[in-house]
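Okay, model24.txt now, which holds compact mmCIF, C-alpha atoms:
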```txt
# COMPACT_ATOMS: atom_id res chain seq x y z
CA MET A 1 10.25 41.96 -0.71
CA THR A 2 8.39 38.65 -0.64
CA THR A 3 10.09 35.95 1.44
CA PRO A 4 9.81 32.17 1.03
CA VAL A 5 7.67 32.01 4.17
CA ASP A 6 5.25 34.61 2.76
CA LEU A 7 4.73 32.43 -0.29
CA GLY A 8 3.66 29.42 1.78
CA ARG A 9 5.11 26.03 2.67
CA GLN A 10 2.68 23.57 1.08
CA ARG A 11 4.94 23.11 -1.94
CA TRP A 12 7.88 22.32 0.34
CA MET A 13 6.01 19.63 2.25
CA ARG A 14 4.74 17.88 -0.87
CA LEU A 15 7.30 18.35 -3.64
CA LEU A 16 10.69 18.25 -1.90
CA PRO A 17 10.23 14.81 -0.33
CA VAL A 18 9.20 13.56 -3.78
CA ALA A 19 12.28 15.15 -5.40
CA PHE A 20 14.56 13.74 -2.70
CA VAL A 21 13.21 10.19 -3.02
CA THR A 22 13.35 10.31 -6.84
CA TYR A 23 17.00 11.38 -6.94
CA SER A 24 17.87 8.98 -4.12
CA LEU A 25 16.44 6.00 -6.02
CA ALA A 26 18.33 7.08 -9.14
CA TYR A 27 21.60 7.28 -7.22
CA LEU A 28 20.89 3.94 -5.53
CA ASP A 29 20.55 2.08 -8.81
CA ARG A 30 23.58 3.90 -10.19
CA SER A 31 25.92 3.07 -7.33
CA ASN A 32 25.00 -0.39 -6.05
CA PHE A 33 27.16 -1.94 -8.78
CA SER A 34 30.14 -1.32 -6.47
CA ILE A 35 28.57 -3.53 -3.79
CA GLY A 36 27.80 -6.20 -6.39
CA VAL A 37 31.44 -6.32 -7.51
CA ALA A 38 32.72 -6.51 -3.93
CA GLY A 39 30.00 -9.02 -3.02
CA GLY A 40 30.90 -11.81 -5.43
CA MET A 41 29.75 -10.75 -8.90
CA GLN A 42 33.30 -10.36 -10.18
CA GLU A 43 34.30 -13.87 -9.11
CA GLU A 44 31.05 -15.57 -10.15
CA LEU A 45 31.11 -14.09 -13.65
CA GLY A 46 34.89 -14.37 -14.03
CA LEU A 47 35.36 -10.66 -14.65
CA SER A 48 38.80 -9.13 -14.74
CA GLY A 49 39.36 -5.86 -12.90
CA ALA A 50 39.48 -4.03 -16.22
CA MET A 51 36.18 -5.56 -17.39
CA SER A 52 34.48 -4.77 -14.07
CA SER A 53 35.70 -1.20 -14.44
CA MET A 54 34.40 -0.94 -18.00
CA ILE A 55 30.97 -2.35 -17.09
CA GLY A 56 30.67 0.05 -14.16
CA ALA A 57 31.90 3.00 -16.20
CA SER A 58 29.66 2.29 -19.21
CA PHE A 59 26.83 3.85 -17.19
CA PHE A 60 28.47 7.25 -17.63
CA LEU A 61 28.70 6.90 -21.40
CA GLY A 62 24.93 6.68 -21.62
CA TYR A 63 24.57 9.35 -18.96
CA CYS A 64 26.85 11.75 -20.83
CA LEU A 65 25.29 11.23 -24.26
CA PHE A 66 21.68 11.72 -23.15
CA GLN A 67 21.98 14.40 -20.46
CA ILE A 68 21.77 17.48 -22.70
CA PRO A 69 18.93 16.04 -24.84
CA GLY A 70 17.14 15.20 -21.59
CA THR A 71 17.60 18.76 -20.34
CA ILE A 72 16.21 20.21 -23.59
CA TYR A 73 13.18 17.88 -23.43
CA ALA A 74 12.54 18.77 -19.79
CA GLU A 75 12.65 22.50 -20.54
CA ARG A 76 10.34 22.28 -23.57
CA ARG A 77 7.96 19.46 -22.64
CA SER A 78 6.65 17.67 -19.54
CA VAL A 79 9.02 16.97 -16.65
CA ARG A 80 6.31 14.85 -15.01
CA GLY A 81 6.00 12.55 -18.02
CA LEU A 82 9.75 12.38 -18.60
CA ILE A 83 10.55 11.44 -14.99
CA PHE A 84 7.76 8.85 -14.96
CA TRP A 85 9.14 6.99 -17.97
CA CYS A 86 12.77 7.39 -16.92
CA THR A 87 12.03 6.04 -13.44
CA LEU A 88 10.05 3.10 -14.81
CA VAL A 89 12.73 2.16 -17.34
CA TRP A 90 15.73 2.56 -15.04
CA GLY A 91 14.03 0.47 -12.32
CA LEU A 92 13.47 -2.39 -14.77
CA LEU A 93 17.04 -2.14 -16.11
CA ALA A 94 18.51 -1.99 -12.59
CA ALA A 95 16.61 -5.14 -11.58
CA ALA A 96 17.62 -6.87 -14.84
CA GLN A 97 21.27 -6.71 -13.78
CA GLY A 98 20.52 -9.47 -11.26
CA LEU A 99 19.31 -11.78 -14.03
CA LEU A 100 22.31 -11.54 -16.36
CA SER A 101 25.47 -13.63 -16.58
CA SER A 102 26.93 -12.25 -19.80
CA PRO A 103 29.51 -9.45 -19.37
CA ALA A 104 28.53 -8.08 -22.80
CA LEU A 105 24.86 -7.85 -21.81
CA LEU A 106 25.79 -6.25 -18.48
CA LEU A 107 27.80 -3.66 -20.40
CA VAL A 108 24.78 -2.86 -22.59
CA VAL A 109 22.36 -2.72 -19.65
CA ARG A 110 24.65 -0.41 -17.67
CA PHE A 111 24.89 1.90 -20.71
CA LEU A 112 21.08 1.94 -21.08
CA LEU A 113 20.71 2.52 -17.34
CA GLY A 114 22.88 5.61 -17.68
CA ALA A 115 20.82 6.81 -20.64
CA ALA A 116 17.57 6.36 -18.68
CA GLU A 117 18.92 8.21 -15.62
CA ALA A 118 20.62 10.99 -17.59
CA ALA A 119 17.61 13.29 -17.65
CA VAL A 120 16.67 12.87 -13.97
CA LEU A 121 18.92 15.46 -12.32
CA PRO A 122 18.57 18.25 -14.92
CA ALA A 123 14.84 17.56 -15.20
CA MET A 124 14.43 17.83 -11.43
CA VAL A 125 16.34 21.13 -11.45
CA VAL A 126 14.03 22.42 -14.21
CA PHE A 127 11.05 21.13 -12.24
CA LEU A 128 12.06 22.94 -9.04
CA ALA A 129 12.66 26.15 -11.02
CA ARG A 130 9.02 26.02 -12.12
CA TRP A 131 7.80 25.79 -8.53
CA PHE A 132 10.26 27.77 -6.42
CA THR A 133 11.54 31.34 -6.71
CA LYS A 134 15.22 32.27 -6.78
CA ARG A 135 15.12 33.11 -3.08
CA GLU A 136 13.84 29.59 -2.36
CA ARG A 137 15.73 27.62 -4.98
CA GLY A 138 19.05 27.34 -3.14
CA SER A 139 17.48 25.46 -0.24
CA ALA A 140 15.23 23.42 -2.53
CA ASN A 141 18.14 22.27 -4.71
CA ALA A 142 20.26 21.54 -1.65
CA ILE A 143 17.62 19.09 -0.39
CA LEU A 144 17.59 17.45 -3.83
CA ILE A 145 21.39 17.07 -4.03
CA LEU A 146 21.59 15.78 -0.45
CA GLY A 147 20.11 12.57 -1.85
CA ASN A 148 23.58 11.80 -3.26
CA PRO A 149 25.68 11.23 -0.11
CA VAL A 150 22.71 10.12 2.01
CA THR A 151 21.86 7.40 -0.51
CA VAL A 152 25.44 6.15 -0.83
CA MET A 153 25.66 6.08 2.97
CA TRP A 154 22.68 3.81 3.56
CA LEU A 155 23.25 1.95 0.29
CA ASN A 156 26.63 0.73 1.48
CA ALA A 157 25.31 -0.10 4.94
CA VAL A 158 22.21 -2.02 3.81
CA SER A 159 23.26 -3.52 0.47
CA GLY A 160 26.20 -5.37 1.96
CA TYR A 161 23.91 -7.23 4.32
CA ILE A 162 21.39 -7.95 1.54
CA VAL A 163 24.22 -9.62 -0.40
CA GLU A 164 25.34 -11.49 2.71
CA LEU A 165 21.83 -12.79 3.40
CA SER A 166 21.03 -13.62 -0.23
CA SER A 167 23.36 -12.76 -3.13
CA TRP A 168 24.38 -9.90 -5.38
CA ARG A 169 21.68 -10.95 -7.85
CA GLU A 170 18.87 -10.54 -5.30
CA MET A 171 20.36 -7.21 -4.26
CA PHE A 172 19.97 -5.76 -7.78
CA ILE A 173 16.39 -7.06 -8.05
CA ILE A 174 15.34 -5.93 -4.56
CA GLU A 175 16.80 -2.45 -5.05
CA GLY A 176 15.60 -2.02 -8.63
CA LEU A 177 11.90 -2.76 -8.21
CA PRO A 178 11.09 0.17 -5.83
CA ALA A 179 11.88 2.58 -8.68
CA VAL A 180 9.26 0.86 -10.85
CA LEU A 181 6.62 1.39 -8.15
CA TRP A 182 7.84 4.93 -7.42
CA ALA A 183 7.28 5.97 -11.04
CA PHE A 184 3.51 5.70 -10.51
CA VAL A 185 3.70 7.44 -7.12
CA PHE A 186 5.65 10.31 -8.69
CA ARG A 187 3.12 10.75 -11.48
CA ALA A 188 0.26 10.78 -8.97
CA LEU A 189 1.84 13.33 -6.62
CA VAL A 190 3.25 16.04 -8.89
CA SER A 191 2.11 18.46 -11.58
CA ASP A 192 4.32 20.18 -14.13
CA HIS A 193 3.28 23.72 -13.13
CA PRO A 194 1.65 25.35 -10.09
CA GLN A 195 -1.43 26.37 -12.08
CA GLN A 196 -2.13 22.66 -12.78
CA ALA A 197 -1.98 21.59 -9.12
CA LYS A 198 -5.42 20.97 -7.65
CA TRP A 199 -3.87 20.19 -4.28
CA LEU A 200 -2.21 23.62 -3.91
CA ARG A 201 -4.11 26.21 -1.86
CA SER A 202 -5.40 29.13 -3.94
CA ARG A 203 -3.62 31.75 -1.84
CA GLU A 204 -0.21 30.08 -2.17
CA LYS A 205 -0.77 29.33 -5.86
CA GLU A 206 -1.54 32.98 -6.65
CA ALA A 207 1.45 34.24 -4.65
CA VAL A 208 3.89 31.80 -6.25
CA LEU A 209 2.65 32.43 -9.79
CA ALA A 210 2.91 36.19 -9.27
CA ALA A 211 6.48 35.91 -7.93
CA LEU A 212 7.57 33.60 -10.78
CA ASP A 213 5.95 35.84 -13.42
CA GLU A 214 7.82 38.83 -11.99
CA GLU A 215 11.13 36.93 -12.23
CA ARG A 216 10.46 35.92 -15.84
CA ALA A 217 9.68 39.51 -16.77
CA HIS A 218 13.22 40.52 -15.78
CA ALA A 219 14.98 37.40 -17.07
CA THR A 220 17.49 37.46 -19.93
CA PRO A 221 16.56 35.11 -22.79
CA PRO A 222 18.57 31.89 -22.50
CA SER A 223 21.37 31.15 -24.91
CA THR A 224 22.01 27.87 -26.71
CA PHE A 225 24.18 24.96 -25.58
CA ALA A 226 26.46 25.66 -28.56
CA ALA A 227 27.06 29.21 -27.32
CA ALA A 228 27.64 27.97 -23.79
CA PHE A 229 30.31 25.55 -25.03
CA ARG A 230 32.24 28.52 -26.42
CA SER A 231 32.10 30.44 -23.15
CA ARG A 232 35.41 30.56 -21.24
CA PRO A 233 33.74 30.27 -17.79
CA VAL A 234 31.80 27.20 -18.94
CA VAL A 235 34.97 25.56 -20.30
CA LEU A 236 36.88 26.19 -17.08
CA LEU A 237 34.05 25.08 -14.80
CA SER A 238 33.52 21.97 -16.92
CA ALA A 239 37.21 21.06 -16.67
CA GLN A 240 37.10 21.64 -12.92
CA TYR A 241 34.03 19.45 -12.40
CA LEU A 242 35.42 16.71 -14.64
CA LEU A 243 38.61 16.50 -12.54
CA TRP A 244 36.64 16.64 -9.30
CA SER A 245 34.28 13.86 -10.43
CA ILE A 246 37.20 11.51 -11.12
CA GLY A 247 37.93 11.50 -7.40
CA VAL A 248 34.28 11.33 -6.32
CA TYR A 249 33.29 8.37 -8.47
CA GLY A 250 36.62 6.61 -8.07
CA LEU A 251 35.81 6.48 -4.36
CA VAL A 252 32.06 5.79 -4.69
CA PHE A 253 32.50 2.79 -6.99
CA TRP A 254 35.59 1.20 -5.51
CA LEU A 255 35.51 1.94 -1.78
CA PRO A 256 33.61 -1.29 -0.88
CA SER A 257 36.19 -3.38 -2.76
CA ILE A 258 39.07 -1.44 -1.14
CA VAL A 259 37.59 -1.95 2.34
CA THR A 260 36.88 -5.65 1.73
CA ALA A 261 40.46 -6.24 0.58
CA GLY A 262 41.96 -4.18 3.40
CA THR A 263 39.96 -5.61 6.31
CA GLY A 264 39.27 -9.18 5.19
CA GLN A 265 35.71 -8.70 6.51
CA GLY A 266 32.56 -9.96 4.81
CA ILE A 267 30.62 -7.72 2.48
CA GLY A 268 28.10 -6.85 5.23
CA MET A 269 30.67 -5.29 7.55
CA SER A 270 32.62 -3.84 4.61
CA GLY A 271 29.46 -2.13 3.36
CA LEU A 272 28.82 -0.70 6.81
CA LEU A 273 32.36 0.69 7.01
CA SER A 274 32.05 2.08 3.49
CA ALA A 275 29.02 4.10 4.61
CA ILE A 276 31.06 6.17 7.09
CA PRO A 277 32.67 8.60 4.59
CA PHE A 278 29.27 9.46 3.15
CA ALA A 279 27.71 10.08 6.56
CA VAL A 280 30.52 12.57 7.18
CA ALA A 281 29.99 13.98 3.67
CA ALA A 282 26.26 14.63 4.24
CA LEU A 283 26.98 16.49 7.47
CA LEU A 284 29.75 18.59 5.92
CA MET A 285 27.59 19.42 2.89
CA VAL A 286 24.91 20.95 5.10
CA ILE A 287 27.36 22.84 7.32
CA ASN A 288 29.47 24.17 4.45
CA SER A 289 26.42 25.28 2.43
CA ARG A 290 25.03 27.23 5.38
CA MET A 291 28.40 28.85 6.06
CA SER A 292 28.68 29.88 2.42
CA ASP A 293 25.15 31.35 2.39
CA ARG A 294 25.83 33.33 5.54
CA ALA A 295 29.16 34.64 4.24
CA GLY A 296 27.69 35.47 0.83
CA THR A 297 30.74 34.02 -0.96
CA ARG A 298 31.32 30.75 -2.82
CA SER A 299 34.84 29.96 -4.02
CA ALA A 300 36.33 30.22 -0.52
CA TYR A 301 34.02 27.36 0.45
CA VAL A 302 34.99 25.22 -2.55
CA TRP A 303 38.72 25.09 -3.26
CA PRO A 304 39.96 24.52 0.33
CA TRP A 305 37.82 21.40 0.56
CA LEU A 306 39.14 20.10 -2.77
CA VAL A 307 42.67 20.64 -1.51
CA ALA A 308 41.79 18.82 1.72
CA GLY A 309 40.38 15.90 -0.29
CA GLY A 310 43.50 15.69 -2.42
CA VAL A 311 45.77 15.81 0.65
CA GLY A 312 43.65 13.10 2.30
CA PHE A 313 44.10 10.76 -0.66
CA TYR A 314 47.83 11.45 -0.82
CA LEU A 315 48.36 10.88 2.91
CA SER A 316 46.37 7.64 2.63
CA TYR A 317 48.77 6.58 -0.12
CA LEU A 318 51.78 7.46 2.07
CA VAL A 319 50.42 5.46 5.01
CA GLY A 320 49.90 2.46 2.75
CA PRO A 321 47.84 -0.75 3.02
CA ASP A 322 49.97 -2.08 5.89
CA ASN A 323 48.33 0.54 8.14
CA PHE A 324 44.82 0.10 6.82
CA TRP A 325 42.86 1.71 9.66
CA ILE A 326 44.92 4.89 9.57
CA ALA A 327 44.57 4.92 5.79
CA PHE A 328 40.81 4.38 6.16
CA VAL A 329 40.42 7.36 8.51
CA LEU A 330 42.21 9.47 5.91
CA LEU A 331 39.84 8.14 3.24
CA VAL A 332 36.89 9.15 5.42
CA ALA A 333 38.35 12.67 5.63
CA ALA A 334 39.01 12.76 1.88
CA GLY A 335 35.48 11.56 1.06
CA GLY A 336 33.84 14.10 3.34
CA ALA A 337 35.99 16.90 1.95
CA MET A 338 35.14 15.99 -1.66
CA TYR A 339 31.40 16.28 -1.03
CA ALA A 340 31.38 19.34 1.24
CA PRO A 341 31.65 21.96 -1.59
CA TYR A 342 28.75 20.71 -3.76
CA GLY A 343 26.21 23.32 -2.60
CA PRO A 344 28.50 26.38 -2.83
CA TYR A 345 30.02 25.07 -6.07
CA PHE A 346 26.80 24.91 -8.05
CA ALA A 347 25.67 28.21 -6.57
CA HIS A 348 29.02 29.59 -7.80
CA VAL A 349 28.38 28.11 -11.26
CA ALA A 350 25.01 29.86 -11.50
CA GLU A 351 26.39 33.15 -10.19
CA VAL A 352 29.61 33.37 -12.20
CA LEU A 353 28.08 32.61 -15.61
CA PRO A 354 26.44 35.27 -17.76
CA ARG A 355 22.69 35.24 -17.29
CA ASN A 356 21.94 33.85 -20.71
CA PHE A 357 24.46 31.02 -20.22
CA ALA A 358 23.28 29.86 -16.80
CA GLY A 359 20.89 27.04 -17.76
CA ALA A 360 22.90 25.73 -20.71
CA GLY A 361 26.15 26.24 -18.78
CA ILE A 362 25.03 24.12 -15.85
CA GLY A 363 24.02 21.38 -18.32
CA CYS A 364 27.49 21.49 -19.90
CA VAL A 365 29.22 21.40 -16.51
CA ASN A 366 27.12 18.46 -15.34
CA THR A 367 27.86 16.60 -18.59
CA ALA A 368 31.59 17.12 -18.02
CA GLY A 369 31.08 15.65 -14.55
CA SER A 370 29.63 12.50 -16.10
CA VAL A 371 32.77 12.18 -18.24
CA GLY A 372 34.79 12.46 -15.04
CA GLY A 373 32.55 9.80 -13.52
CA PHE A 374 33.39 7.45 -16.39
CA LEU A 375 37.12 8.13 -16.06
CA GLY A 376 37.12 7.78 -12.28
CA THR A 377 35.15 4.54 -12.30
CA TYR A 378 37.21 2.97 -15.06
CA LEU A 379 40.70 4.23 -14.22
CA VAL A 380 40.62 3.46 -10.50
CA GLY A 381 39.49 -0.11 -11.11
CA TRP A 382 41.92 -0.59 -13.98
CA LEU A 383 44.88 0.84 -12.03
CA ASN A 384 44.09 -1.24 -8.96
CA ASP A 385 43.93 -4.37 -11.12
CA ALA A 386 47.07 -3.53 -13.12
CA THR A 387 49.22 -2.61 -10.11
CA GLY A 388 47.80 -5.02 -7.55
CA GLY A 389 47.12 -2.19 -5.08
CA THR A 390 45.53 1.19 -4.54
CA ALA A 391 48.65 3.38 -4.35
CA VAL A 392 48.64 4.66 -7.95
CA SER A 393 44.88 5.29 -8.03
CA PHE A 394 45.06 7.25 -4.76
CA VAL A 395 47.81 9.45 -6.18
CA MET A 396 45.74 9.98 -9.33
CA MET A 397 42.66 11.02 -7.33
CA ALA A 398 44.78 13.33 -5.18
CA ALA A 399 46.23 14.98 -8.30
CA THR A 400 42.85 15.50 -9.98
CA LEU A 401 41.37 17.14 -6.87
CA LEU A 402 44.34 19.46 -6.48
CA LEU A 403 44.13 20.42 -10.16
CA ALA A 404 40.41 21.12 -9.74
CA ALA A 405 41.22 23.44 -6.82
CA LEU A 406 43.85 25.28 -8.85
CA ILE A 407 41.31 26.15 -11.57
CA THR A 408 39.16 28.14 -9.11
CA PRO A 409 40.94 31.55 -9.35
CA PHE A 410 40.87 31.39 -13.15
CA VAL A 411 37.10 30.94 -13.06
CA ARG A 412 36.72 33.98 -10.83
CA ALA A 413 38.95 36.05 -13.11
CA SER A 414 36.83 35.17 -16.13
CA ARG A 415 33.67 36.70 -14.73
CA SER A 416 32.30 39.57 -16.79
CA ARG A 417 31.20 42.60 -14.77
CA GLY A 418 27.47 42.89 -14.56
CA SER A 419 26.80 39.61 -16.30
CA ALA A 420 26.43 37.24 -13.42
CA ALA A 421 23.09 35.83 -12.51
CA PRO A 422 22.36 36.39 -8.83
CA VAL A 423 21.03 32.87 -8.39
CA ARG A 424 21.75 30.75 -5.36
CA GLY A 425 21.18 27.11 -6.04
CA THR A 426 22.64 23.74 -6.79
CA ALA A 427 22.25 21.56 -9.79
```
Take the structure I supplied and represent it as structure tokens, if you would.
Amino acid sequence: MTTPVDLGRQRWMRLLPVAFVTYSLAYLDRSNFSIGVAGGMQEELGLSGAMSSMIGASFFLGYCLFQIPGTIYAERRSVRGLIFWCTLVWGLLAAAQGLLSSPALLLVVRFLLGAAEAAVLPAMVVFLARWFTKRERGSANAILILGNPVTVMWLNAVSGYIVELSSWREMFIIEGLPAVLWAFVFRALVSDHPQQAKWLRSREKEAVLAALDEERAHATPPSTFAAAFRSRPVVLLSAQYLLWSIGVYGLVFWLPSIVTAGTGQGIGMSGLLSAIPFAVAALLMVINSRMSDRAGTRSAYVWPWLVAGGVGFYLSYLVGPDNFWIAFVLLVAAGGAMYAPYGPYFAHVAEVLPRNFAGAGIGCVNTAGSVGGFLGTYLVGWLNDATGGTAVSFVMMAATLLLAALITPFVRASRSRGSAAPVRGTA
């Protein structure tokens, strides 16, 4: 059997850094709104907590509405062209946030930013599937997804000091423009298919094309998104990811504000402290993914972490704001636990779905996650503003994570014998 090493490493050295940087820039321009709110934007523009929540959450409305169309376009047309235009547009929109003073215009720009970024993740997954075999795809997708916690980690650490040295407006502009430049770098470095790549050695190109052609010869024709929506495993996995994402994005978007309020520190130090949970998360993601691969099982490396995240949020609520540092340590644990299962989870999604539902099913699950992102971003901010504290929102995030964990055995029970796709990867 051909191994990833036999096929060559030139693709890994060229394409995976490009994929990592592309997704990292997308996540940067998605998430730095939280630093802007904590760094003075809310006060300068006179935004209520509810309005700040709605502006931040409007990103996910655009993201949700355009993700499946983006996936269809990526599968049928050019990923290279799609990512180029998406990157260019989202960079300009991200920078434009620093020029606006109207809440209504910010709401519109955040929605359009979500629409522009919606196709990036599914398109990158489609792109990697064109270049890497099933035996390679798990590691390739893991490197792509690692851009999530790594970006939030350094984003919080660096953006806070950018705001402190300039303002939240300059932060949006400084962090938005690199995506505009990267669009042209991306287009110059990648090709849609191996056979189009002049930079790829002939020996590796022939080996990869032969391996991919052999996989396609044994592949089951894909089903439609409509059929996937009617699949019980897809419904359950979508509900699970929606609940999970409420906790993830509730923390991502509001942790800097929570830390600023709890410590009384400036936005620079608050951003640095807010980076800690995501440093822990990146480490746990790698460790947990490797453990899952070695064990050859998935769900056992998913639900315990979701339970741990829920317990962390609930204990942080019990400790209360009067013991902030103890509560913060518990938040670090909860944040790390929430991220740890990403690799095994999306491998589980691919493996538990019928073969002809796998691509469409992952698109449906990821779309449900964007709905959870909207709910988490909006509800946490709204609850904190309405109650004057974080207690209720922490209990809500704890409950959603525990509910997500409880769905796991039902997903396993719904698997049809002989219908699972033996794919190891993340989306």
Inset, instruction - Fewer than 3 positions away in the same chain doesn't count, so skip those; otherwise give me all residues within 10 Å of Gly335 in chain A, counting all atoms listed in the file, as a list in words. - result: Pro149, Gly247, Val248, Leu251, Val252, Ile276, Pro277, Phe278, Ala279, Val280, Ala281, Ala308, Gly309, Gly310, Gly312, Phe313, Val329, Leu330, Leu331, Val332, Met338, Tyr339 and Ala340 of chain A
For C-alpha atoms, I'd like the residues from the last selection saved as a compact mmCIF listing (two decimals), keeping the file's coordinate frame.
```txt
# COMPACT_ATOMS: atom_id res chain seq x y z
CA PRO A 149 25.68 11.23 -0.11
CA GLY A 247 37.93 11.50 -7.40
CA VAL A 248 34.28 11.33 -6.32
CA LEU A 251 35.81 6.48 -4.36
CA VAL A 252 32.06 5.79 -4.69
CA ILE A 276 31.06 6.17 7.09
CA PRO A 277 32.67 8.60 4.59
CA PHE A 278 29.27 9.46 3.15
CA ALA A 279 27.71 10.08 6.56
CA VAL A 280 30.52 12.57 7.18
CA ALA A 281 29.99 13.98 3.67
CA ALA A 308 41.79 18.82 1.72
CA GLY A 309 40.38 15.90 -0.29
CA GLY A 310 43.50 15.69 -2.42
CA GLY A 312 43.65 13.10 2.30
CA PHE A 313 44.10 10.76 -0.66
CA VAL A 329 40.42 7.36 8.51
CA LEU A 330 42.21 9.47 5.91
CA LEU A 331 39.84 8.14 3.24
CA VAL A 332 36.89 9.15 5.42
CA MET A 338 35.14 15.99 -1.66
CA TYR A 339 31.40 16.28 -1.03
CA ALA A 340 31.38 19.34 1.24
```
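One distance worth recording is that between CA of Val21 in chain A and CA of Phe84 in chain A, which is 13.2 Å.
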Legend entry - Pick from A:Phe253, A:Lys198, A:Ile68, A:Phe186 nearest to Tyr27 in chain A, counting only C-alpha atoms: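 Of all the options, A:Phe253 lies closest to Tyr27 in chain A.
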Which residues are close to Gly381 in chain A, i.e. within 7 Å by all atoms listed in the file, leaving aside same-chain residues fewer than 2 positions away? Reply as a CSV table (one decimal) with C-alpha atoms, in the coordinates of the input.
```csv
chain,number,residue,atom,x,y,z
A,49,GLY,CA,39.4,-5.9,-12.9
A,50,ALA,CA,39.5,-4.0,-16.2
A,53,SER,CA,35.7,-1.2,-14.4
A,254,TRP,CA,35.6,1.2,-5.5
A,377,THR,CA,35.2,4.5,-12.3
A,378,TYR,CA,37.2,3.0,-15.1
A,379,LEU,CA,40.7,4.2,-14.2
A,383,LEU,CA,44.9,0.8,-12.0
A,384,ASN,CA,44.1,-1.2,-9.0
A,385,ASP,CA,43.9,-4.4,-11.1
```
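Distance annotation: of A:Leu82, A:Leu128, A:Ala404, A:Ile35, the residue with the minimal separation from Val18 in chain A is A:Leu128; atom set is only C-alpha atoms.
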Inset, instruction - Considering all atoms listed in the file, return as a VMD selection string whatever protein or nucleic-acid residues lie within 9 Å of Val120 in chain A, sequence-local ones (same chain, fewer than 4 positions apart) excluded. - result: chain A and resid 22 to 23 26 67 70 to 71 82 to 83 86 to 87 116 124 to 125
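If you count only C-alpha atoms and ignore residues fewer than 5 places along the chain from Leu273 in chain A, what sits within 8 Å of it is Asn156, Ala157 and Val259 of chain A.
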Inset, instruction - Take the point (47.3, 6.9, -2.0) as written in the file and pick out every residue within 8 Å of it, counting all atoms listed in the file; give the list as a list in words. - result: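 Residues found, by chain and rising number: Phe313, Tyr314, Leu315, Ser316, Tyr317, Leu318, Val319, Gly320, Thr390, Ala391, Val392, Ser393, Phe394, Val395 and Ala398 of chain A.
The two atoms in question, CA of Asn288 in chain A and CA of Arg9 in chain A, are spaced 24.5 Å apart.
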